[in-house]
file input01.cif (mmCIF, C-alpha atoms and all ligand atoms)
data_run
loop_
_atom_site.group_PDB
_atom_site.id
_atom_site.type_symbol
_atom_site.label_atom_id
_atom_site.label_comp_id
_atom_site.auth_asym_id
_atom_site.auth_seq_id
_atom_site.Cartn_x
_atom_site.Cartn_y
_atom_site.Cartn_z
ATOM 1 C CA MET A 577 -6.435 -11.399 -17.169
ATOM 2 C CA SER A 578 -8.355 -8.436 -15.733
ATOM 3 C CA ILE A 579 -7.089 -4.978 -16.624
ATOM 4 C CA LYS A 580 -6.006 -2.652 -13.834
ATOM 5 C CA HIS A 581 -7.666 0.776 -14.100
ATOM 6 C CA PHE A 582 -7.236 3.823 -11.838
ATOM 7 C CA LEU A 583 -10.724 5.326 -11.857
ATOM 8 C CA GLN A 584 -10.890 6.222 -8.189
ATOM 9 C CA PHE A 585 -8.341 6.267 -5.385
ATOM 10 C CA ARG A 586 -9.484 3.034 -3.806
ATOM 11 C CA ASP A 587 -8.842 1.116 -7.043
ATOM 12 C CA LEU A 588 -5.331 0.706 -5.655
ATOM 13 C CA SER A 589 -4.528 -1.067 -2.397
ATOM 14 C CA ARG A 590 -2.445 0.467 0.360
ATOM 15 C CA GLU A 591 0.414 -1.811 -0.654
ATOM 16 C CA GLU A 592 0.175 -0.676 -4.279
ATOM 17 C CA ILE A 593 0.225 2.985 -3.193
ATOM 18 C CA ASP A 594 3.339 2.312 -1.089
ATOM 19 C CA HIS A 595 4.948 0.660 -4.120
ATOM 20 C CA LEU A 596 4.057 3.661 -6.321
ATOM 21 C CA PHE A 597 5.686 6.023 -3.827
ATOM 22 C CA VAL A 598 8.888 3.949 -3.750
ATOM 23 C CA ARG A 599 8.980 4.053 -7.552
ATOM 24 C CA THR A 600 8.109 7.786 -7.588
ATOM 25 C CA ARG A 601 11.119 8.553 -5.396
ATOM 26 C CA LEU A 602 13.455 6.645 -7.743
ATOM 27 C CA ILE A 603 11.944 8.038 -10.935
ATOM 28 C CA LYS A 604 12.145 11.581 -9.559
ATOM 29 C CA GLU A 605 15.793 11.170 -8.507
ATOM 30 C CA ARG A 606 16.756 9.819 -11.942
ATOM 31 C CA PHE A 607 14.909 12.665 -13.651
ATOM 32 C CA LYS A 608 16.748 15.225 -11.509
ATOM 33 C CA ARG A 609 20.054 13.624 -12.511
ATOM 34 C CA TYR A 610 19.056 13.824 -16.223
ATOM 35 C CA GLU A 611 19.307 10.023 -16.500
ATOM 36 C CA THR A 612 17.492 8.472 -19.450
ATOM 37 C CA TYR A 613 14.826 5.971 -18.375
ATOM 38 C CA HIS A 614 12.712 4.575 -21.216
ATOM 39 C CA PRO A 615 10.738 1.581 -19.903
ATOM 40 C CA LEU A 616 7.693 2.592 -21.988
ATOM 41 C CA ALA A 617 9.454 2.837 -25.362
ATOM 42 C CA ASP A 618 6.955 2.263 -28.208
ATOM 43 C CA ARG A 619 3.978 2.599 -25.853
ATOM 44 C CA THR A 620 1.266 5.154 -26.573
ATOM 45 C CA LEU A 621 -0.917 7.071 -24.129
ATOM 46 C CA VAL A 622 -4.139 8.645 -25.415
ATOM 47 C CA MET A 623 -5.335 11.612 -23.355
ATOM 48 C CA ILE A 624 -8.990 12.604 -23.716
ATOM 49 C CA PHE A 625 -9.975 15.993 -22.349
ATOM 50 C CA GLU A 626 -13.602 17.081 -22.074
ATOM 51 C CA LYS A 627 -12.589 19.892 -19.682
ATOM 52 C CA ALA A 628 -9.684 22.351 -19.640
ATOM 53 C CA SER A 629 -6.293 21.494 -18.129
ATOM 54 C CA THR A 630 -2.762 22.773 -17.725
ATOM 55 C CA ARG A 631 -1.088 20.490 -15.141
ATOM 56 C CA THR A 632 -2.792 17.218 -16.002
ATOM 57 C CA ARG A 633 -2.127 17.484 -19.702
ATOM 58 C CA LEU A 634 1.426 18.650 -19.275
ATOM 59 C CA SER A 635 2.376 16.099 -16.618
ATOM 60 C CA PHE A 636 0.938 13.157 -18.548
ATOM 61 C CA GLU A 637 2.314 14.244 -21.910
ATOM 62 C CA ALA A 638 5.781 15.151 -20.625
ATOM 63 C CA GLY A 639 5.804 12.105 -18.348
ATOM 64 C CA MET A 640 5.021 9.656 -21.147
ATOM 65 C CA GLN A 641 7.672 11.215 -23.354
ATOM 66 C CA GLN A 642 10.262 11.058 -20.562
ATOM 67 C CA LEU A 643 9.481 7.334 -20.141
ATOM 68 C CA GLY A 644 10.209 6.782 -23.828
ATOM 69 C CA GLY A 645 6.616 6.604 -25.083
ATOM 70 C CA ALA A 646 4.286 8.878 -27.010
ATOM 71 C CA ALA A 647 1.178 10.793 -25.939
ATOM 72 C CA ILE A 648 -1.749 11.817 -28.136
ATOM 73 C CA TYR A 649 -4.150 14.585 -27.096
ATOM 74 C CA LEU A 650 -7.840 14.390 -28.021
ATOM 75 C CA ASN A 651 -10.529 16.814 -26.993
ATOM 76 C CA THR A 652 -14.277 16.884 -27.341
ATOM 77 C CA ARG A 653 -14.258 19.759 -29.812
ATOM 78 C CA ASP A 654 -11.972 18.203 -32.419
ATOM 79 C CA SER A 655 -13.004 14.546 -32.180
ATOM 80 C CA GLN A 656 -16.168 12.540 -32.707
ATOM 81 C CA LEU A 657 -16.598 12.433 -28.921
ATOM 82 C CA GLY A 658 -18.303 15.795 -29.073
ATOM 83 C CA ARG A 659 -20.667 14.623 -31.811
ATOM 84 C CA GLY A 660 -22.376 11.897 -29.852
ATOM 85 C CA GLU A 661 -20.311 8.784 -30.610
ATOM 86 C CA PRO A 662 -21.263 6.349 -27.830
ATOM 87 C CA VAL A 663 -18.635 6.182 -25.126
ATOM 88 C CA GLU A 664 -18.702 2.362 -25.361
ATOM 89 C CA ASP A 665 -17.720 2.541 -29.052
ATOM 90 C CA ALA A 666 -15.009 5.086 -28.297
ATOM 91 C CA GLY A 667 -13.646 2.745 -25.616
ATOM 92 C CA GLN A 668 -13.478 -0.157 -28.074
ATOM 93 C CA VAL A 669 -11.808 1.802 -30.847
ATOM 94 C CA ILE A 670 -9.396 3.994 -28.928
ATOM 95 C CA SER A 671 -8.130 1.111 -26.790
ATOM 96 C CA ARG A 672 -7.243 -0.924 -29.904
ATOM 97 C CA MET A 673 -4.803 1.756 -31.009
ATOM 98 C CA CYS A 674 -2.911 2.549 -27.820
ATOM 99 C CA ASP A 675 -1.584 1.049 -24.598
ATOM 100 C CA LEU A 676 -3.045 3.390 -22.017
ATOM 101 C CA VAL A 677 -5.860 5.964 -21.826
ATOM 102 C CA MET A 678 -6.261 8.981 -19.538
ATOM 103 C CA ILE A 679 -9.651 10.711 -19.444
ATOM 104 C CA ARG A 680 -10.836 14.014 -17.964
ATOM 105 C CA THR A 681 -14.602 14.187 -18.190
ATOM 106 C CA PHE A 682 -17.857 15.015 -16.392
ATOM 107 C CA GLU A 683 -19.740 12.203 -14.608
ATOM 108 C CA GLN A 684 -17.750 9.295 -13.160
ATOM 109 C CA GLU A 685 -20.215 7.016 -14.928
ATOM 110 C CA ILE A 686 -18.736 8.079 -18.300
ATOM 111 C CA ILE A 687 -15.231 6.931 -17.438
ATOM 112 C CA GLU A 688 -16.563 3.694 -15.934
ATOM 113 C CA ARG A 689 -18.487 2.897 -19.121
ATOM 114 C CA PHE A 690 -15.396 3.664 -21.206
ATOM 115 C CA ALA A 691 -13.242 1.427 -18.986
ATOM 116 C CA ARG A 692 -15.684 -1.476 -19.243
ATOM 117 C CA HIS A 693 -15.130 -1.451 -23.015
ATOM 118 C CA SER A 694 -11.409 -0.763 -22.983
ATOM 119 C CA ARG A 695 -8.711 -3.307 -23.731
ATOM 120 C CA VAL A 696 -6.102 -1.195 -21.943
ATOM 121 C CA PRO A 697 -5.823 0.499 -18.527
ATOM 122 C CA VAL A 698 -7.801 3.716 -18.053
ATOM 123 C CA ILE A 699 -6.717 6.525 -15.708
ATOM 124 C CA ASN A 700 -9.070 9.133 -14.256
ATOM 125 C CA GLY A 701 -7.608 12.579 -15.002
ATOM 126 C CA LEU A 702 -10.543 14.220 -13.107
ATOM 127 C CA THR A 703 -14.284 13.667 -13.091
ATOM 128 C CA ASN A 704 -17.045 15.555 -11.284
ATOM 129 C CA GLU A 705 -16.679 13.016 -8.467
ATOM 130 C CA TYR A 706 -12.930 12.280 -8.168
ATOM 131 C CA HIS A 707 -9.388 13.432 -8.933
ATOM 132 C CA PRO A 708 -7.246 10.455 -7.857
ATOM 133 C CA CYS A 709 -4.010 11.491 -9.625
ATOM 134 C CA GLN A 710 -4.067 14.774 -7.699
ATOM 135 C CA ILE A 711 -4.217 13.058 -4.322
ATOM 136 C CA LEU A 712 -1.402 10.672 -5.267
ATOM 137 C CA ALA A 713 0.784 13.739 -5.817
ATOM 138 C CA ASP A 714 -0.507 15.513 -2.696
ATOM 139 C CA ILE A 715 0.177 12.595 -0.373
ATOM 140 C CA PHE A 716 3.587 11.985 -1.923
ATOM 141 C CA THR A 717 4.349 15.681 -1.307
ATOM 142 C CA PHE A 718 3.198 15.434 2.301
ATOM 143 C CA ILE A 719 5.427 12.392 2.881
ATOM 144 C CA GLU A 720 8.423 14.123 1.269
ATOM 145 C CA HIS A 721 8.047 17.077 3.635
ATOM 146 C CA ARG A 722 6.744 15.480 6.820
ATOM 147 C CA GLY A 723 7.023 11.676 6.682
ATOM 148 C CA PRO A 724 4.186 9.108 6.931
ATOM 149 C CA ILE A 725 0.641 10.436 6.677
ATOM 150 C CA GLN A 726 -0.897 7.642 8.757
ATOM 151 C CA GLY A 727 -2.532 9.083 11.886
ATOM 152 C CA ARG A 728 -2.128 12.698 10.708
ATOM 153 C CA THR A 729 -4.930 15.246 10.313
ATOM 154 C CA VAL A 730 -5.794 17.007 7.064
ATOM 155 C CA ALA A 731 -8.157 20.009 7.168
ATOM 156 C CA TRP A 732 -10.264 20.433 4.030
ATOM 157 C CA ILE A 733 -11.848 23.891 3.822
ATOM 158 C CA GLY A 734 -14.452 24.752 1.166
ATOM 159 C CA ASP A 735 -16.392 22.701 -1.339
ATOM 160 C CA SER A 736 -16.929 18.963 -0.862
ATOM 161 C CA ASN A 737 -15.919 18.407 -4.473
ATOM 162 C CA ASN A 738 -13.964 15.836 -6.519
ATOM 163 C CA VAL A 739 -10.682 16.642 -4.764
ATOM 164 C CA CYS A 740 -12.302 16.491 -1.298
ATOM 165 C CA ASN A 741 -13.987 13.154 -2.095
ATOM 166 C CA THR A 742 -10.642 11.729 -3.127
ATOM 167 C CA TRP A 743 -8.957 12.919 0.085
ATOM 168 C CA LEU A 744 -11.706 11.097 1.995
ATOM 169 C CA GLN A 745 -11.144 7.850 0.055
ATOM 170 C CA ALA A 746 -7.403 8.149 0.641
ATOM 171 C CA ALA A 747 -7.965 8.690 4.386
ATOM 172 C CA GLU A 748 -9.828 5.370 4.596
ATOM 173 C CA LEU A 749 -7.162 3.543 2.642
ATOM 174 C CA LEU A 750 -4.093 5.050 4.314
ATOM 175 C CA ASP A 751 -5.590 5.569 7.778
ATOM 176 C CA PHE A 752 -5.447 9.302 8.429
ATOM 177 C CA ASN A 753 -8.147 11.802 9.422
ATOM 178 C CA VAL A 754 -9.844 14.592 7.491
ATOM 179 C CA HIS A 755 -11.546 17.575 9.140
ATOM 180 C CA VAL A 756 -14.002 18.921 6.591
ATOM 181 C CA SER A 757 -15.604 22.343 6.799
ATOM 182 C CA THR A 758 -18.090 23.355 4.108
ATOM 183 C CA PRO A 759 -20.846 25.971 4.077
ATOM 184 C CA PRO A 760 -24.350 24.659 4.874
ATOM 185 C CA GLY A 761 -25.807 22.866 1.875
ATOM 186 C CA TYR A 762 -22.403 21.813 0.495
ATOM 187 C CA GLU A 763 -21.626 18.996 2.949
ATOM 188 C CA VAL A 764 -19.908 15.704 2.101
ATOM 189 C CA GLU A 765 -22.133 13.043 0.557
ATOM 190 C CA PRO A 766 -20.465 9.805 1.732
ATOM 191 C CA GLU A 767 -22.114 7.705 -0.961
ATOM 192 C CA ARG A 768 -21.073 10.039 -3.782
ATOM 193 C CA ALA A 769 -17.570 10.118 -2.279
ATOM 194 C CA GLY A 770 -17.489 6.311 -2.493
ATOM 195 C CA LEU A 771 -16.717 5.840 1.195
ATOM 196 C CA PHE A 772 -17.031 2.642 3.203
ATOM 197 C CA GLY A 773 -17.897 4.582 6.375
ATOM 198 C CA THR A 774 -17.544 7.865 8.240
ATOM 199 C CA ASP A 775 -14.754 6.892 10.669
ATOM 200 C CA HIS A 776 -11.996 8.856 8.932
ATOM 201 C CA PHE A 777 -13.630 12.253 8.658
ATOM 202 C CA GLU A 778 -15.308 14.780 10.907
ATOM 203 C CA GLU A 779 -17.440 17.721 9.765
ATOM 204 C CA PHE A 780 -17.089 21.213 11.256
ATOM 205 C CA SER A 781 -19.433 24.144 10.668
ATOM 206 C CA ASP A 782 -16.601 26.519 11.669
ATOM 207 C CA PRO A 783 -13.564 26.411 9.337
ATOM 208 C CA LEU A 784 -11.295 27.742 12.105
ATOM 209 C CA ALA A 785 -12.239 24.772 14.311
ATOM 210 C CA ALA A 786 -11.497 22.386 11.410
ATOM 211 C CA CYS A 787 -7.965 23.794 11.067
ATOM 212 C CA ARG A 788 -7.099 23.466 14.763
ATOM 213 C CA GLY A 789 -4.047 21.205 15.125
ATOM 214 C CA ALA A 790 -4.103 20.121 11.458
ATOM 215 C CA ASP A 791 -0.878 18.800 9.872
ATOM 216 C CA LEU A 792 -2.061 19.959 6.472
ATOM 217 C CA VAL A 793 -4.593 22.600 5.453
ATOM 218 C CA THR A 794 -5.930 22.333 1.929
ATOM 219 C CA THR A 795 -8.659 23.789 -0.241
ATOM 220 C CA ASP A 796 -9.792 24.154 -3.840
ATOM 221 C CA VAL A 797 -11.877 26.473 -6.009
ATOM 222 C CA TRP A 798 -15.412 27.251 -4.868
ATOM 223 C CA THR A 799 -16.794 26.453 -8.325
ATOM 224 C CA SER A 800 -15.473 23.400 -10.150
ATOM 225 C CA MET A 801 -15.460 22.976 -13.917
ATOM 226 C CA GLY A 802 -18.930 22.118 -15.172
ATOM 227 C CA PHE A 803 -20.684 24.063 -12.375
ATOM 228 C CA GLU A 804 -20.005 27.591 -13.672
ATOM 229 C CA LYS A 805 -23.709 28.549 -13.597
ATOM 230 C CA GLU A 806 -23.599 28.330 -9.780
ATOM 231 C CA ASN A 807 -20.664 30.745 -9.525
ATOM 232 C CA ASP A 808 -22.465 33.806 -8.097
ATOM 233 C CA GLU A 809 -24.456 31.780 -5.605
ATOM 234 C CA ARG A 810 -21.306 29.934 -4.502
ATOM 235 C CA LYS A 811 -19.306 33.147 -4.062
ATOM 236 C CA ARG A 812 -21.910 34.295 -1.563
ATOM 237 C CA ALA A 813 -22.173 30.943 0.234
ATOM 238 C CA PHE A 814 -18.395 30.378 0.518
ATOM 239 C CA ALA A 815 -17.337 33.908 1.554
ATOM 240 C CA ASP A 816 -16.293 32.783 5.079
ATOM 241 C CA TRP A 817 -14.391 29.746 3.773
ATOM 242 C CA CYS A 818 -11.275 31.544 2.569
ATOM 243 C CA VAL A 819 -8.149 29.921 4.052
ATOM 244 C CA ASP A 820 -6.458 32.870 5.748
ATOM 245 C CA ALA A 821 -3.563 33.518 8.133
ATOM 246 C CA GLU A 822 -5.814 33.113 11.182
ATOM 247 C CA MET A 823 -6.796 29.595 10.093
ATOM 248 C CA MET A 824 -3.148 28.696 9.466
ATOM 249 C CA SER A 825 -2.200 30.074 12.904
ATOM 250 C CA VAL A 826 -4.367 27.544 14.765
ATOM 251 C CA ALA A 827 -3.081 24.574 12.759
ATOM 252 C CA SER A 828 -0.008 22.607 13.861
ATOM 253 C CA PRO A 829 3.071 24.912 13.937
ATOM 254 C CA ASP A 830 4.690 22.901 11.123
ATOM 255 C CA THR A 831 1.508 22.583 9.102
ATOM 256 C CA LEU A 832 1.624 22.577 5.295
ATOM 257 C CA PHE A 833 -0.711 24.313 2.872
ATOM 258 C CA MET A 834 -1.715 22.652 -0.413
ATOM 259 C CA HIS A 835 -3.984 23.562 -3.328
ATOM 260 C CA CYS A 836 -4.371 21.462 -6.465
ATOM 261 C CA LEU A 837 -4.357 24.691 -8.558
ATOM 262 C CA PRO A 838 -5.462 26.733 -10.407
ATOM 263 C CA ALA A 839 -6.116 29.005 -7.396
ATOM 264 C CA HIS A 840 -8.070 32.221 -6.923
ATOM 265 C CA ARG A 841 -6.217 34.428 -4.449
ATOM 266 C CA GLY A 842 -8.720 36.336 -2.319
ATOM 267 C CA GLU A 843 -11.438 33.707 -2.791
ATOM 268 C CA GLU A 844 -10.697 30.212 -1.434
ATOM 269 C CA VAL A 845 -7.221 31.226 -0.221
ATOM 270 C CA ALA A 846 -5.556 34.448 0.893
ATOM 271 C CA ALA A 847 -2.456 35.449 -1.079
ATOM 272 C CA GLU A 848 -0.401 35.513 2.122
ATOM 273 C CA VAL A 849 -1.203 31.820 2.692
ATOM 274 C CA ILE A 850 -0.646 30.395 -0.786
ATOM 275 C CA ASP A 851 2.482 32.527 -1.201
ATOM 276 C CA GLY A 852 3.503 32.106 2.447
ATOM 277 C CA PRO A 853 5.953 29.899 4.369
ATOM 278 C CA HIS A 854 3.651 26.893 4.901
ATOM 279 C CA SER A 855 2.722 26.571 1.226
ATOM 280 C CA VAL A 856 4.142 23.672 -0.827
ATOM 281 C CA VAL A 857 1.923 24.185 -3.884
ATOM 282 C CA TRP A 858 4.784 24.225 -6.414
ATOM 283 C CA ASP A 859 6.247 20.952 -5.116
ATOM 284 C CA GLU A 860 2.715 19.570 -5.155
ATOM 285 C CA ALA A 861 2.237 20.548 -8.810
ATOM 286 C CA GLU A 862 5.644 19.156 -9.824
ATOM 287 C CA ASN A 863 4.904 15.864 -8.116
ATOM 288 C CA ARG A 864 1.998 15.283 -10.506
ATOM 289 C CA LEU A 865 4.711 14.472 -13.052
ATOM 290 C CA HIS A 866 6.681 12.027 -10.920
ATOM 291 C CA THR A 867 3.753 10.177 -9.312
ATOM 292 C CA GLN A 868 1.970 9.740 -12.655
ATOM 293 C CA LYS A 869 5.139 8.363 -14.253
ATOM 294 C CA ALA A 870 5.213 5.744 -11.482
ATOM 295 C CA LEU A 871 1.507 5.093 -12.041
ATOM 296 C CA MET A 872 1.894 4.594 -15.814
ATOM 297 C CA GLU A 873 4.907 2.353 -15.272
ATOM 298 C CA TYR A 874 2.914 0.237 -12.807
ATOM 299 C CA LEU A 875 -0.241 -0.037 -14.923
ATOM 300 C CA LEU A 876 1.748 -1.093 -17.995
ATOM 301 C CA LEU A 877 4.621 -3.128 -16.569
ATOM 302 C CA GLY A 878 3.456 -4.158 -13.080
ATOM 303 C CA ARG A 879 6.107 -4.236 -10.358
ATOM 304 C CA VAL A 880 9.500 -3.590 -11.849
HETATM 305 N N1 LIG B 901 -4.729 20.364 -10.607
HETATM 306 C C1 LIG B 901 -5.063 20.101 -11.870
HETATM 307 O O1 LIG B 901 -5.561 19.025 -12.213
HETATM 308 O O2 LIG B 901 -4.765 21.095 -12.749
HETATM 309 P P1 LIG B 901 -5.227 21.216 -14.271
HETATM 310 O O3 LIG B 901 -6.707 21.472 -14.264
HETATM 311 O O4 LIG B 901 -4.426 22.362 -14.800
HETATM 312 O O5 LIG B 901 -4.914 19.923 -14.977
HETATM 313 N N1 LIG B 902 -12.298 20.921 -8.352
HETATM 314 C C1 LIG B 902 -11.647 21.495 -9.506
HETATM 315 C C2 LIG B 902 -10.282 20.920 -9.675
HETATM 316 C C3 LIG B 902 -9.503 21.460 -10.843
HETATM 317 C C4 LIG B 902 -8.164 20.813 -10.991
HETATM 318 C C5 LIG B 902 -12.507 21.234 -10.744
HETATM 319 O O1 LIG B 902 -13.048 20.124 -10.866
HETATM 320 O O2 LIG B 902 -12.657 22.135 -11.565
#
call {"tool": "encode", "arguments": {"input": "input01.cif", "output": "structure tokens", "more": "lines below"}}
Ligand code: CP
Ligand code: NVA
result
Amino acid sequence: MSIKHFLQFRDLSREEIDHLFVRTRLIKERFKRYETYHPLADRTLVMIFEKASTRTRLSFEAGMQQLGGAAIYLNTRDSQLGRGEPVEDAGQVISRMCDLVMIRTFEQEIIERFARHSRVPVINGLTNEYHPCQILADIFTFIEHRGPIQGRTVAWIGDSNNVCNTWLQAAELLDFNVHVSTPPGYEVEPERAGLFGTDHFEEFSDPLAACRGADLVTTDVWTSMGFEKENDERKRAFADWCVDAEMMSVASPDTLFMHCLPAHRGEEVAAEVIDGPHSVVWDEAENRLHTQKALMEYLLLGRV
């Protein structure tokens, strides 16, 4: 039987995403009522981090524990991963000792090689190319606040990074539109984003124009982890791509603001926006926990 991995957003079908959201709602409600739910008793998740994290580590570790299982944290510094053990060998060994693996690493190719040699499902906890768990939480948050996302418009302002690429994959799968505005030289690369076509996104040189009428405005840091050397150059290039009150004012009157966090107030977003009335960033962060619990349940137990 083939193993189900979640390495990029389109690894799940639209029907599977709908199922995950139904389960997320139930799992979240039970959690809020302090009901014990231990479907993953005796199961172990290994989490491998080659980059820093607060939310991803916490939501996976707490989530696995709340489902009755255990989570083990490995990082590059304290394991043989940082000393050149081939990723294929790591995949073989680690997957013989646990039931599920989550990896945060650099190139997407690394996680794909690991998954090819893994006996258990592998989840992408962020690569240079994608951040699929983030967009699961973001779309669930949108639906909680505003209903179905199909046919809606999301404005992405800033870098065409891992989070942007994943929004674009999700737009194809769930049939919504993304207005993308990046500075010149930082445009979307459809092939790197793993897109089937260009029907679900439109590029705007003016960020204000991209926000016009949008149901959701979202952004992310100008410099992602692993690209720190480009920081100064990026600060100059992205200076006009700060999501501010003027951009929010041209969006739909009931627009939402999201940011995967961590955020830099005064760079990619103005404080009055992220701390303002349209912002749902705390719900968005919390929903990492609930959506990933549904994801782990599905990858290990199928439809329950
Ligand atoms: N949004 C997100 O993935 O946060 P962390 O880097 O803290 O995990
Ligand atoms: N694009 C950011 C997201 C952090 C959660 C990064 O890759 O660093």
call {"tool": "axis_aligned_box", "arguments": {"input": "input01.cif", "around": "ligand LIG 902 (chain B)", "padding_each_side": "3 Å", "output": "lines of an AutoDock Vina configuration file"}}
result
center_x = -10.6
center_y = 21.1
center_z = -10.0
size_x = 10.9
size_y = 8.0
size_z = 9.2
call {"tool": "closest_atom_pairs", "arguments": {"input": "input01.cif", "of": "chain A", "to": "ligand LIG 901 (chain B)", "cutoff": "9 Å", "atoms": "only C-alpha atoms and all ligand atoms", "output": "JSON lines"}}
result
{"residue": "A:Lys627", "atom": "CA", "partner": "B:LIG901", "partner_atom": "O3", "distance": 8.2}
{"residue": "A:Ala628", "atom": "CA", "partner": "B:LIG901", "partner_atom": "O3", "distance": 6.2}
{"residue": "A:Ser629", "atom": "CA", "partner": "B:LIG901", "partner_atom": "O5", "distance": 3.8}
{"residue": "A:Thr630", "atom": "CA", "partner": "B:LIG901", "partner_atom": "O4", "distance": 3.4}
{"residue": "A:Arg631", "atom": "CA", "partner": "B:LIG901", "partner_atom": "O4", "distance": 3.8}
{"residue": "A:Thr632", "atom": "CA", "partner": "B:LIG901", "partner_atom": "O5", "distance": 3.6}
{"residue": "A:Arg633", "atom": "CA", "partner": "B:LIG901", "partner_atom": "O5", "distance": 6.0}
{"residue": "A:Leu634", "atom": "CA", "partner": "B:LIG901", "partner_atom": "O5", "distance": 7.8}
{"residue": "A:Ser635", "atom": "CA", "partner": "B:LIG901", "partner_atom": "O5", "distance": 8.4}
{"residue": "A:Arg680", "atom": "CA", "partner": "B:LIG901", "partner_atom": "O5", "distance": 8.9}
{"residue": "A:Gly701", "atom": "CA", "partner": "B:LIG901", "partner_atom": "O1", "distance": 7.3}
{"residue": "A:Leu702", "atom": "CA", "partner": "B:LIG901", "partner_atom": "O1", "distance": 7.0}
{"residue": "A:His707", "atom": "CA", "partner": "B:LIG901", "partner_atom": "O1", "distance": 7.5}
{"residue": "A:Cys709", "atom": "CA", "partner": "B:LIG901", "partner_atom": "O1", "distance": 8.1}
{"residue": "A:Gln710", "atom": "CA", "partner": "B:LIG901", "partner_atom": "N1", "distance": 6.3}
{"residue": "A:Met801", "atom": "CA", "partner": "B:LIG901", "partner_atom": "O3", "distance": 8.9}
{"residue": "A:His835", "atom": "CA", "partner": "B:LIG901", "partner_atom": "N1", "distance": 8.0}
{"residue": "A:Cys836", "atom": "CA", "partner": "B:LIG901", "partner_atom": "N1", "distance": 4.3}
{"residue": "A:Leu837", "atom": "CA", "partner": "B:LIG901", "partner_atom": "N1", "distance": 4.8}
{"residue": "A:Pro838", "atom": "CA", "partner": "B:LIG901", "partner_atom": "O2", "distance": 6.1}
{"residue": "A:Ala861", "atom": "CA", "partner": "B:LIG901", "partner_atom": "N1", "distance": 7.2}
{"residue": "A:Arg864", "atom": "CA", "partner": "B:LIG901", "partner_atom": "N1", "distance": 8.4}
call {"tool": "residues_around", "arguments": {"input": "input01.cif", "residues": "Arg841 in chain A", "least_positions_apart": "3", "cutoff": "12 Å", "atoms": "all atoms listed in the file", "output": "NGL selection string"}}
result
:A and (795-798 or 818-820 or 835 or 837-838 or 844-851)
call {"tool": "atom_distance", "arguments": {"input": "input01.cif", "atom1": "atom C5 of ligand LIG 902 (chain B)", "atom2": "CA of Asp675 in chain A"}}
result
26.8 Å
call {"tool": "resolve_selection", "arguments": {"input": "input01.cif", "expression": "the PyMOL selection byres (((chain A and resi 768-770) around 12) and not hetatm)", "output": "count of residues only"}}
result
38
call {"tool": "atom_distance", "arguments": {"input": "input01.cif", "atom1": "CA of Gly658 in chain A", "atom2": "CA of His840 in chain A"}}
result
29.4 Å
call {"tool": "closest_residue", "arguments": {"input": "input01.cif", "among": "A:Gln868, A:Thr799, A:Thr831, A:Thr729", "to": "ligand LIG 902 (chain B)", "atoms": "all atoms listed in the file"}}
result
A:Thr799
